[in-house]
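Undergrad: Pasting a structure below so you can have a look.
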Amino acid sequence: MAALSLTYLFPKQPLLHTLHHFWYPLRLSSRETPLCLYPTSGSIASFGAMSIYVVHQPSSNLNAPVLILSSIGVHAVLICDYTIWADHKSFKVMEGTEKLTHYKVGSLPTVLYIPDFITDSEQTSLLNNIYGAPPSRWKSLKNRRLQNWGGVVHEKGLLPQVLPPWLTNLTQKIYEESELFPSAINHVLINEYLPDQGIMPHQDGPAYFPVVAILSLGSPVVMDFTPHSRLKLDIHDVIDKNYNDGTIEIEKDKWLDDHRPFSILLMPRSLLIFKDKAYSDYLHGIKDSAVHSYHGVVNKTEVFKEHPNLSSGRAMDTVGSEDYKSIQRTSTRISLTCRLVPKVHKNLFRF
Ligand SMILES: O=C(O)CCC(=O)C(=O)O
Ligand SMILES: [Fe+2]
């Protein structure tokens, strides 16, 4: 038996009483890539504070390894047999970026930009369904409107509502093609932005599985990612470290390199997926201005490949010099934020 140290991705959250019902992602500290173990088939036995879980392996018929998770304290300990650990296939499902690695953009783990994820007619059909929904579906906020599908998200989980087929067609495609979600996506937030509307920099709530897929329709926009303010405190820790060999500056540069703000241009029909550091260490937001600069966006190459005229400013309304290109937002943008709320309350309600 070998003991390996695992750290919770959400270290500040209490976990002891929730572990039996709510599958927290775990990060294996000895690996570069965060490894998520999502034992969705449930606990099969428990001994006091220890529970045995089976790791979910939807893409394989192999028997999943049995893991013993200690649910005491802030750190969890995974105790398992070496042979299980060596069985790479067992964990493949949660490292599922493989299929989509060529869509990775920027230097941060992990941001995927998939142009043309849906066709023009699929876009039209989604827009027809969105605008065909009863007016009561819309909730007006100060700076935008939204529709909530899939149920009400509480901090402690989802009061579920069945997703309509026009949405499950999309969520199923994202689930299957990304292989990044441990079970089917069960929640979709539809945001509508007029040309001068945006969304404040924020981090998605703790009820969600830490992978988000955003489908964009209508007007292009630029989404900005900024390091979380709590990380700004960490820089002082780095600087305060007492180095004897003059490596402070190098450490600081490396830190700043690892936590650089960045932006991404979201074209209509594209799918953006982000997780890992981009999800946990950064805030994401969209400026509420009608002009968005796309100078220096991390997916410039990908966008120009699909829209070659964009660079010369002809494909859509752009302003600015060749060095400082901007989009003039002239039409509405709709986004569909597709997520999984792992903890679902049993009393399903339907409309
Ligand atoms: O509209 C978008 O692209 C972002 C929406 C978003 O961040 C959210 O719903 O949490
Ligand atoms: Fe968000």
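Starting from 1 in every chain, residues are counted up; chains themselves are A, B, ... following the order of the structure tokens, and ligands are numbered from 1 as listed.
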Counting only C-alpha atoms and all ligand atoms, what are the residues, protein, DNA or RNA alike, that approach ligand 1 to within 8 Å? I want them as a list in words.

TA: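 Written in the requested form, the residues are Leu189, Ile190, Asn191, Glu192, Tyr193, Gly198, Ile199, His202, Gln203, Asp204, Ile214, Leu215, Ser216, Met223, Leu266, His284, Gly285, Ile286, Ile334, Ser335, Leu336 and Thr337 of chain A.
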
Undergrad: Store the residues picked out above, limited to N, CA and C atoms, as a PDB file, in the first residue's frame.

TA:
ATOM      1  N   LEU A 189     -26.749  28.478 -18.282  1.00  0.00           N
ATOM      2  CA  LEU A 189     -27.135  29.868 -18.055  1.00  0.00           C
ATOM      3  C   LEU A 189     -26.999  30.591 -19.382  1.00  0.00           C
ATOM      4  N   ILE A 190     -28.081  31.244 -19.809  1.00  0.00           N
ATOM      5  CA  ILE A 190     -28.037  31.959 -21.089  1.00  0.00           C
ATOM      6  C   ILE A 190     -27.995  33.462 -20.793  1.00  0.00           C
ATOM      7  N   ASN A 191     -26.935  34.102 -21.207  1.00  0.00           N
ATOM      8  CA  ASN A 191     -26.781  35.543 -20.990  1.00  0.00           C
ATOM      9  C   ASN A 191     -26.967  36.282 -22.294  1.00  0.00           C
ATOM     10  N   GLU A 192     -27.695  37.391 -22.228  1.00  0.00           N
ATOM     11  CA  GLU A 192     -27.847  38.246 -23.406  1.00  0.00           C
ATOM     12  C   GLU A 192     -27.165  39.588 -23.121  1.00  0.00           C
ATOM     13  N   TYR A 193     -26.291  39.998 -24.028  1.00  0.00           N
ATOM     14  CA  TYR A 193     -25.570  41.258 -23.855  1.00  0.00           C
ATOM     15  C   TYR A 193     -25.863  42.187 -25.019  1.00  0.00           C
ATOM     16  N   GLY A 198     -21.880  44.063 -20.375  1.00  0.00           N
ATOM     17  CA  GLY A 198     -20.838  43.067 -20.111  1.00  0.00           C
ATOM     18  C   GLY A 198     -21.108  42.346 -18.816  1.00  0.00           C
ATOM     19  N   ILE A 199     -20.090  41.722 -18.307  1.00  0.00           N
ATOM     20  CA  ILE A 199     -20.222  41.012 -17.033  1.00  0.00           C
ATOM     21  C   ILE A 199     -18.974  41.319 -16.213  1.00  0.00           C
ATOM     22  N   HIS A 202     -15.470  37.996 -12.348  1.00  0.00           N
ATOM     23  CA  HIS A 202     -15.987  37.138 -11.270  1.00  0.00           C
ATOM     24  C   HIS A 202     -15.397  35.746 -11.390  1.00  0.00           C
ATOM     25  N   GLN A 203     -15.607  34.987 -10.344  1.00  0.00           N
ATOM     26  CA  GLN A 203     -15.247  33.573 -10.382  1.00  0.00           C
ATOM     27  C   GLN A 203     -16.541  32.791 -10.247  1.00  0.00           C
ATOM     28  N   ASP A 204     -16.676  31.695 -10.954  1.00  0.00           N
ATOM     29  CA  ASP A 204     -17.927  30.939 -10.884  1.00  0.00           C
ATOM     30  C   ASP A 204     -18.071  30.286  -9.500  1.00  0.00           C
ATOM     31  N   ILE A 214     -18.440  27.609 -22.580  1.00  0.00           N
ATOM     32  CA  ILE A 214     -19.283  28.750 -22.966  1.00  0.00           C
ATOM     33  C   ILE A 214     -19.400  28.816 -24.488  1.00  0.00           C
ATOM     34  N   LEU A 215     -20.636  28.667 -24.967  1.00  0.00           N
ATOM     35  CA  LEU A 215     -20.898  28.788 -26.401  1.00  0.00           C
ATOM     36  C   LEU A 215     -21.309  30.226 -26.681  1.00  0.00           C
ATOM     37  N   SER A 216     -20.692  30.837 -27.711  1.00  0.00           N
ATOM     38  CA  SER A 216     -21.001  32.227 -28.051  1.00  0.00           C
ATOM     39  C   SER A 216     -21.842  32.298 -29.320  1.00  0.00           C
ATOM     40  N   MET A 223     -13.199  38.462 -23.918  1.00  0.00           N
ATOM     41  CA  MET A 223     -13.305  38.120 -22.498  1.00  0.00           C
ATOM     42  C   MET A 223     -11.930  38.296 -21.858  1.00  0.00           C
ATOM     43  N   LEU A 266     -13.951  35.979 -28.471  1.00  0.00           N
ATOM     44  CA  LEU A 266     -14.972  34.931 -28.604  1.00  0.00           C
ATOM     45  C   LEU A 266     -15.837  35.223 -29.824  1.00  0.00           C
ATOM     46  N   HIS A 284     -12.946  36.081 -14.571  1.00  0.00           N
ATOM     47  CA  HIS A 284     -13.220  36.338 -15.986  1.00  0.00           C
ATOM     48  C   HIS A 284     -14.350  37.357 -16.091  1.00  0.00           C
ATOM     49  N   GLY A 285     -14.271  38.189 -17.106  1.00  0.00           N
ATOM     50  CA  GLY A 285     -15.287  39.229 -17.266  1.00  0.00           C
ATOM     51  C   GLY A 285     -15.283  39.777 -18.684  1.00  0.00           C
ATOM     52  N   ILE A 286     -16.331  40.561 -18.987  1.00  0.00           N
ATOM     53  CA  ILE A 286     -16.457  41.182 -20.315  1.00  0.00           C
ATOM     54  C   ILE A 286     -16.737  42.661 -20.080  1.00  0.00           C
ATOM     55  N   ILE A 334     -25.245  36.499 -27.434  1.00  0.00           N
ATOM     56  CA  ILE A 334     -25.880  35.538 -26.520  1.00  0.00           C
ATOM     57  C   ILE A 334     -24.820  34.516 -26.165  1.00  0.00           C
ATOM     58  N   SER A 335     -24.718  34.177 -24.888  1.00  0.00           N
ATOM     59  CA  SER A 335     -23.797  33.094 -24.526  1.00  0.00           C
ATOM     60  C   SER A 335     -24.556  32.031 -23.755  1.00  0.00           C
ATOM     61  N   LEU A 336     -24.116  30.790 -23.921  1.00  0.00           N
ATOM     62  CA  LEU A 336     -24.699  29.678 -23.174  1.00  0.00           C
ATOM     63  C   LEU A 336     -23.588  29.086 -22.316  1.00  0.00           C
ATOM     64  N   THR A 337     -23.678  29.316 -21.018  1.00  0.00           N
ATOM     65  CA  THR A 337     -22.658  28.818 -20.094  1.00  0.00           C
ATOM     66  C   THR A 337     -23.117  27.459 -19.576  1.00  0.00           C
TER      67      THR A 337
END

Undergrad: Would you kindly return, as a VMD selection string, each protein, DNA or RNA residue with an atom no farther than 10 Å from any atom of Lys139 of chain A, considering only C-alpha atoms and excluding same-chain residues fewer than 5 positions away?

TA: chain A and resid 144 to 148 191

Undergrad: Please report the interatomic distance between atom CA of Thr119 of chain A and atom CA of Leu170 of chain A in Å with one decimal.

TA: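 So the two atoms, atom CA of Thr119 of chain A and atom CA of Leu170 of chain A, lie 11.7 Å apart.
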
Undergrad: What's the separation between atom CA of Ser178 of chain A and atom CA of Lys275 of chain A, in Å to one decimal place?

TA: 11.9 Å

Undergrad: Which one is closest to Arg339 of chain A: A:Ile327, A:Ala290, A:Val211, A:Leu108? Count only C-alpha atoms.

TA: A:Val211

Undergrad: Return the single residue from A:Cys338, A:Ala278, A:Val344, A:Leu126 that is closest to Val188 of chain A, with distances computed using only C-alpha atoms.

TA: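 Comparing A:Cys338, A:Ala278, A:Val344, A:Leu126 against Val188 of chain A, the winner is A:Cys338.
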
Undergrad: Take atom CA of Asp288 of chain A and atom CA of Val221 of chain A and report the distance between them in Å, one decimal.

TA: 10.1 Å

Undergrad: Calculated over only C-alpha atoms, which of the candidates A:Gln172, A:Ser183, A:Ser263, A:Ser280 has the smallest distance to Thr110 of chain A?

TA: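 The answer is A:Ser280, which sits nearest to Thr110 of chain A.
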
Undergrad: List the neighbours of Gln123 of chain A out to 10 Å using only C-alpha atoms; skip same-chain residues closer than 4 positions along the sequence, and give me the result as a ChimeraX atom specification.

TA: /A:117-119,127-129,215-218,268-269

Undergrad: Restricted to all heavy atoms, what would the selected residues look like written as an mmCIF file, in the first residue's frame?

TA:
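Listing of selection-v4.cif after writing:
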data_model
loop_
_atom_site.group_PDB
_atom_site.id
_atom_site.type_symbol
_atom_site.label_atom_id
_atom_site.label_comp_id
_atom_site.auth_asym_id
_atom_site.auth_seq_id
_atom_site.Cartn_x
_atom_site.Cartn_y
_atom_site.Cartn_z
ATOM 1 N N PHE A 117 -17.816 25.544 -33.373
ATOM 2 C CA PHE A 117 -18.278 24.355 -32.646
ATOM 3 C C PHE A 117 -19.667 23.935 -33.114
ATOM 4 O O PHE A 117 -20.004 22.766 -33.133
ATOM 5 C CB PHE A 117 -18.284 24.624 -31.139
ATOM 6 C CG PHE A 117 -18.612 23.413 -30.319
ATOM 7 C CD1 PHE A 117 -17.687 22.381 -30.179
ATOM 8 C CD2 PHE A 117 -19.852 23.273 -29.702
ATOM 9 C CE1 PHE A 117 -17.984 21.247 -29.444
ATOM 10 C CE2 PHE A 117 -20.165 22.142 -28.959
ATOM 11 C CZ PHE A 117 -19.217 21.130 -28.836
ATOM 12 N N ILE A 118 -20.468 24.934 -33.515
ATOM 13 C CA ILE A 118 -21.784 24.610 -34.095
ATOM 14 C C ILE A 118 -21.896 25.273 -35.477
ATOM 15 O O ILE A 118 -21.135 26.189 -35.801
ATOM 16 C CB ILE A 118 -22.963 25.061 -33.186
ATOM 17 C CG1 ILE A 118 -22.904 26.573 -32.906
ATOM 18 C CG2 ILE A 118 -23.010 24.279 -31.894
ATOM 19 C CD1 ILE A 118 -24.218 27.146 -32.406
ATOM 20 N N THR A 119 -22.874 24.823 -36.263
ATOM 21 C CA THR A 119 -23.062 25.370 -37.610
ATOM 22 C C THR A 119 -23.955 26.617 -37.541
ATOM 23 O O THR A 119 -24.579 26.890 -36.509
ATOM 24 C CB THR A 119 -23.765 24.335 -38.521
ATOM 25 O OG1 THR A 119 -25.066 24.071 -37.950
ATOM 26 C CG2 THR A 119 -22.975 23.034 -38.615
ATOM 27 N N LEU A 127 -31.008 30.253 -31.319
ATOM 28 C CA LEU A 127 -31.544 31.607 -31.103
ATOM 29 C C LEU A 127 -33.072 31.595 -31.160
ATOM 30 O O LEU A 127 -33.734 32.267 -30.367
ATOM 31 C CB LEU A 127 -30.969 32.584 -32.139
ATOM 32 C CG LEU A 127 -29.484 32.943 -31.935
ATOM 33 C CD1 LEU A 127 -28.919 33.702 -33.132
ATOM 34 C CD2 LEU A 127 -29.285 33.760 -30.654
ATOM 35 N N ASN A 128 -33.642 30.802 -32.092
ATOM 36 C CA ASN A 128 -35.108 30.710 -32.176
ATOM 37 C C ASN A 128 -35.696 30.159 -30.882
ATOM 38 O O ASN A 128 -36.716 30.630 -30.400
ATOM 39 C CB ASN A 128 -35.533 29.814 -33.350
ATOM 40 C CG ASN A 128 -35.339 30.524 -34.679
ATOM 41 O OD1 ASN A 128 -35.228 31.747 -34.714
ATOM 42 N ND2 ASN A 128 -35.271 29.761 -35.763
ATOM 43 N N ASN A 129 -35.039 29.140 -30.335
ATOM 44 C CA ASN A 129 -35.530 28.564 -29.085
ATOM 45 C C ASN A 129 -35.385 29.538 -27.917
ATOM 46 O O ASN A 129 -36.266 29.635 -27.059
ATOM 47 C CB ASN A 129 -34.789 27.262 -28.767
ATOM 48 C CG ASN A 129 -35.353 26.097 -29.551
ATOM 49 O OD1 ASN A 129 -36.526 25.761 -29.413
ATOM 50 N ND2 ASN A 129 -34.545 25.508 -30.415
ATOM 51 N N LEU A 215 -20.636 28.667 -24.967
ATOM 52 C CA LEU A 215 -20.898 28.788 -26.401
ATOM 53 C C LEU A 215 -21.309 30.226 -26.681
ATOM 54 O O LEU A 215 -22.134 30.792 -25.971
ATOM 55 C CB LEU A 215 -22.024 27.832 -26.810
ATOM 56 C CG LEU A 215 -22.358 27.845 -28.296
ATOM 57 C CD1 LEU A 215 -21.308 27.051 -29.089
ATOM 58 C CD2 LEU A 215 -23.748 27.262 -28.562
ATOM 59 N N SER A 216 -20.692 30.837 -27.711
ATOM 60 C CA SER A 216 -21.001 32.227 -28.051
ATOM 61 C C SER A 216 -21.842 32.298 -29.320
ATOM 62 O O SER A 216 -21.558 31.593 -30.289
ATOM 63 C CB SER A 216 -19.704 33.008 -28.287
ATOM 64 O OG SER A 216 -18.986 33.141 -27.094
ATOM 65 N N LEU A 217 -22.847 33.153 -29.306
ATOM 66 C CA LEU A 217 -23.684 33.392 -30.487
ATOM 67 C C LEU A 217 -23.776 34.903 -30.704
ATOM 68 O O LEU A 217 -23.724 35.681 -29.748
ATOM 69 C CB LEU A 217 -25.111 32.857 -30.274
ATOM 70 C CG LEU A 217 -25.305 31.438 -29.727
ATOM 71 C CD1 LEU A 217 -26.796 31.161 -29.529
ATOM 72 C CD2 LEU A 217 -24.706 30.400 -30.676
ATOM 73 N N GLY A 218 -23.933 35.305 -31.955
ATOM 74 C CA GLY A 218 -24.120 36.735 -32.240
ATOM 75 C C GLY A 218 -22.806 37.504 -32.234
ATOM 76 O O GLY A 218 -21.781 37.018 -32.696
ATOM 77 N N PRO A 268 -18.675 34.291 -32.820
ATOM 78 C CA PRO A 268 -19.938 33.538 -32.812
ATOM 79 C C PRO A 268 -19.717 32.083 -33.215
ATOM 80 O O PRO A 268 -18.885 31.796 -34.074
ATOM 81 C CB PRO A 268 -20.798 34.279 -33.847
ATOM 82 C CG PRO A 268 -19.881 35.197 -34.575
ATOM 83 C CD PRO A 268 -18.706 35.460 -33.689
ATOM 84 N N ARG A 269 -20.441 31.187 -32.587
ATOM 85 C CA ARG A 269 -20.447 29.733 -32.824
ATOM 86 C C ARG A 269 -19.220 29.028 -32.254
ATOM 87 O O ARG A 269 -19.010 27.854 -32.465
ATOM 88 C CB ARG A 269 -20.611 29.397 -34.320
ATOM 89 C CG ARG A 269 -21.910 29.951 -34.916
ATOM 90 C CD ARG A 269 -22.140 29.479 -36.327
ATOM 91 N NE ARG A 269 -21.211 30.065 -37.281
ATOM 92 C CZ ARG A 269 -20.168 29.445 -37.789
ATOM 93 N NH1 ARG A 269 -19.921 28.197 -37.462
ATOM 94 N NH2 ARG A 269 -19.377 30.052 -38.649
#

Undergrad: For segment 292-298 of chain A, find every residue with an atom within 10 Å (counting only C-alpha atoms), except residues of its own chain fewer than 2 positions away, and show them as an MDAnalysis selection string.

TA: chainID A and resid 104:107 111 113 220:224 262:266 286:290 300:303 318:320 322:329

Undergrad: Can you spit out the residues from that selection as a PDB file, in the first residue's frame, using C-alpha atoms?

TA:
ATOM      1  CA  LYS A 104      -5.422  24.909 -26.318  1.00  0.00           C
ATOM      2  CA  VAL A 105      -4.637  28.623 -26.381  1.00  0.00           C
ATOM      3  CA  GLY A 106      -2.380  30.803 -24.226  1.00  0.00           C
ATOM      4  CA  SER A 107       0.143  29.556 -21.732  1.00  0.00           C
ATOM      5  CA  VAL A 111      -8.001  27.325 -21.849  1.00  0.00           C
ATOM      6  CA  TYR A 113     -10.928  27.706 -27.840  1.00  0.00           C
ATOM      7  CA  PRO A 220     -18.017  38.791 -31.047  1.00  0.00           C
ATOM      8  CA  VAL A 221     -16.668  39.985 -27.693  1.00  0.00           C
ATOM      9  CA  VAL A 222     -13.395  39.932 -25.831  1.00  0.00           C
ATOM     10  CA  MET A 223     -13.305  38.120 -22.498  1.00  0.00           C
ATOM     11  CA  ASP A 224     -10.658  39.242 -20.017  1.00  0.00           C
ATOM     12  CA  PHE A 262      -4.867  37.693 -20.703  1.00  0.00           C
ATOM     13  CA  SER A 263      -7.822  38.081 -23.067  1.00  0.00           C
ATOM     14  CA  ILE A 264      -9.569  35.923 -25.586  1.00  0.00           C
ATOM     15  CA  LEU A 265     -11.709  36.862 -28.576  1.00  0.00           C
ATOM     16  CA  LEU A 266     -14.972  34.931 -28.604  1.00  0.00           C
ATOM     17  CA  ILE A 286     -16.457  41.182 -20.315  1.00  0.00           C
ATOM     18  CA  LYS A 287     -16.159  44.974 -20.485  1.00  0.00           C
ATOM     19  CA  ASP A 288     -19.416  46.879 -20.787  1.00  0.00           C
ATOM     20  CA  SER A 289     -18.100  49.028 -23.619  1.00  0.00           C
ATOM     21  CA  ALA A 290     -19.207  48.942 -27.257  1.00  0.00           C
ATOM     22  CA  LYS A 300      -5.464  35.529 -32.554  1.00  0.00           C
ATOM     23  CA  THR A 301      -3.997  32.801 -34.774  1.00  0.00           C
ATOM     24  CA  GLU A 302      -7.030  30.561 -34.372  1.00  0.00           C
ATOM     25  CA  VAL A 303      -9.460  33.399 -35.096  1.00  0.00           C
ATOM     26  CA  THR A 318     -13.432  46.899 -36.653  1.00  0.00           C
ATOM     27  CA  VAL A 319     -11.757  50.151 -35.868  1.00  0.00           C
ATOM     28  CA  GLY A 320      -8.195  51.116 -35.044  1.00  0.00           C
ATOM     29  CA  GLU A 322      -3.272  47.546 -37.759  1.00  0.00           C
ATOM     30  CA  ASP A 323      -1.439  47.383 -34.424  1.00  0.00           C
ATOM     31  CA  TYR A 324      -4.409  48.121 -32.244  1.00  0.00           C
ATOM     32  CA  LYS A 325      -7.467  46.387 -33.640  1.00  0.00           C
ATOM     33  CA  SER A 326     -10.832  46.721 -32.000  1.00  0.00           C
ATOM     34  CA  ILE A 327     -14.276  45.281 -32.502  1.00  0.00           C
ATOM     35  CA  GLN A 328     -17.197  47.629 -32.726  1.00  0.00           C
ATOM     36  CA  ARG A 329     -19.995  45.666 -31.063  1.00  0.00           C
TER      37      ARG A 329
END

Undergrad: For Leu167 of chain A, which of A:Ile130, A:Leu180, A:Val152, A:Ser121 is the closest residue, counting only C-alpha atoms?

TA: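 Closest to Leu167 of chain A of all the choices is A:Ile130.
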
Undergrad: Which residue gives the smallest distance to ligand 2 among A:Lys173, A:Met200, A:Arg333, A:His259, with only C-alpha atoms and all ligand atoms counted?

TA: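 Looking only at the distances to ligand 2, the closest residue turns out to be A:Met200.
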
Undergrad: Taking the chain letters and numbering used in this document, name the residues of segment 261-307 of chain A that DSSP puts in helix (DSSP H, G or I), as a list in words.

TA: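 Those in segment 261-307 of chain A that DSSP calls helix (DSSP H, G or I) are Asp276, Lys277, Ala278, Tyr279, Ser280, Lys300, Thr301, Glu302, Val303, Phe304, Lys305 and Glu306 of chain A.
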
Undergrad: List the spatial neighbours of segment 153-160 of chain A as JSON, numbers by chain - criterion: any atom at most 6 Å away, only C-alpha atoms, same-chain residues fewer than 4 positions off excluded.

TA: {"A": [207, 343, 344, 345, 348]}
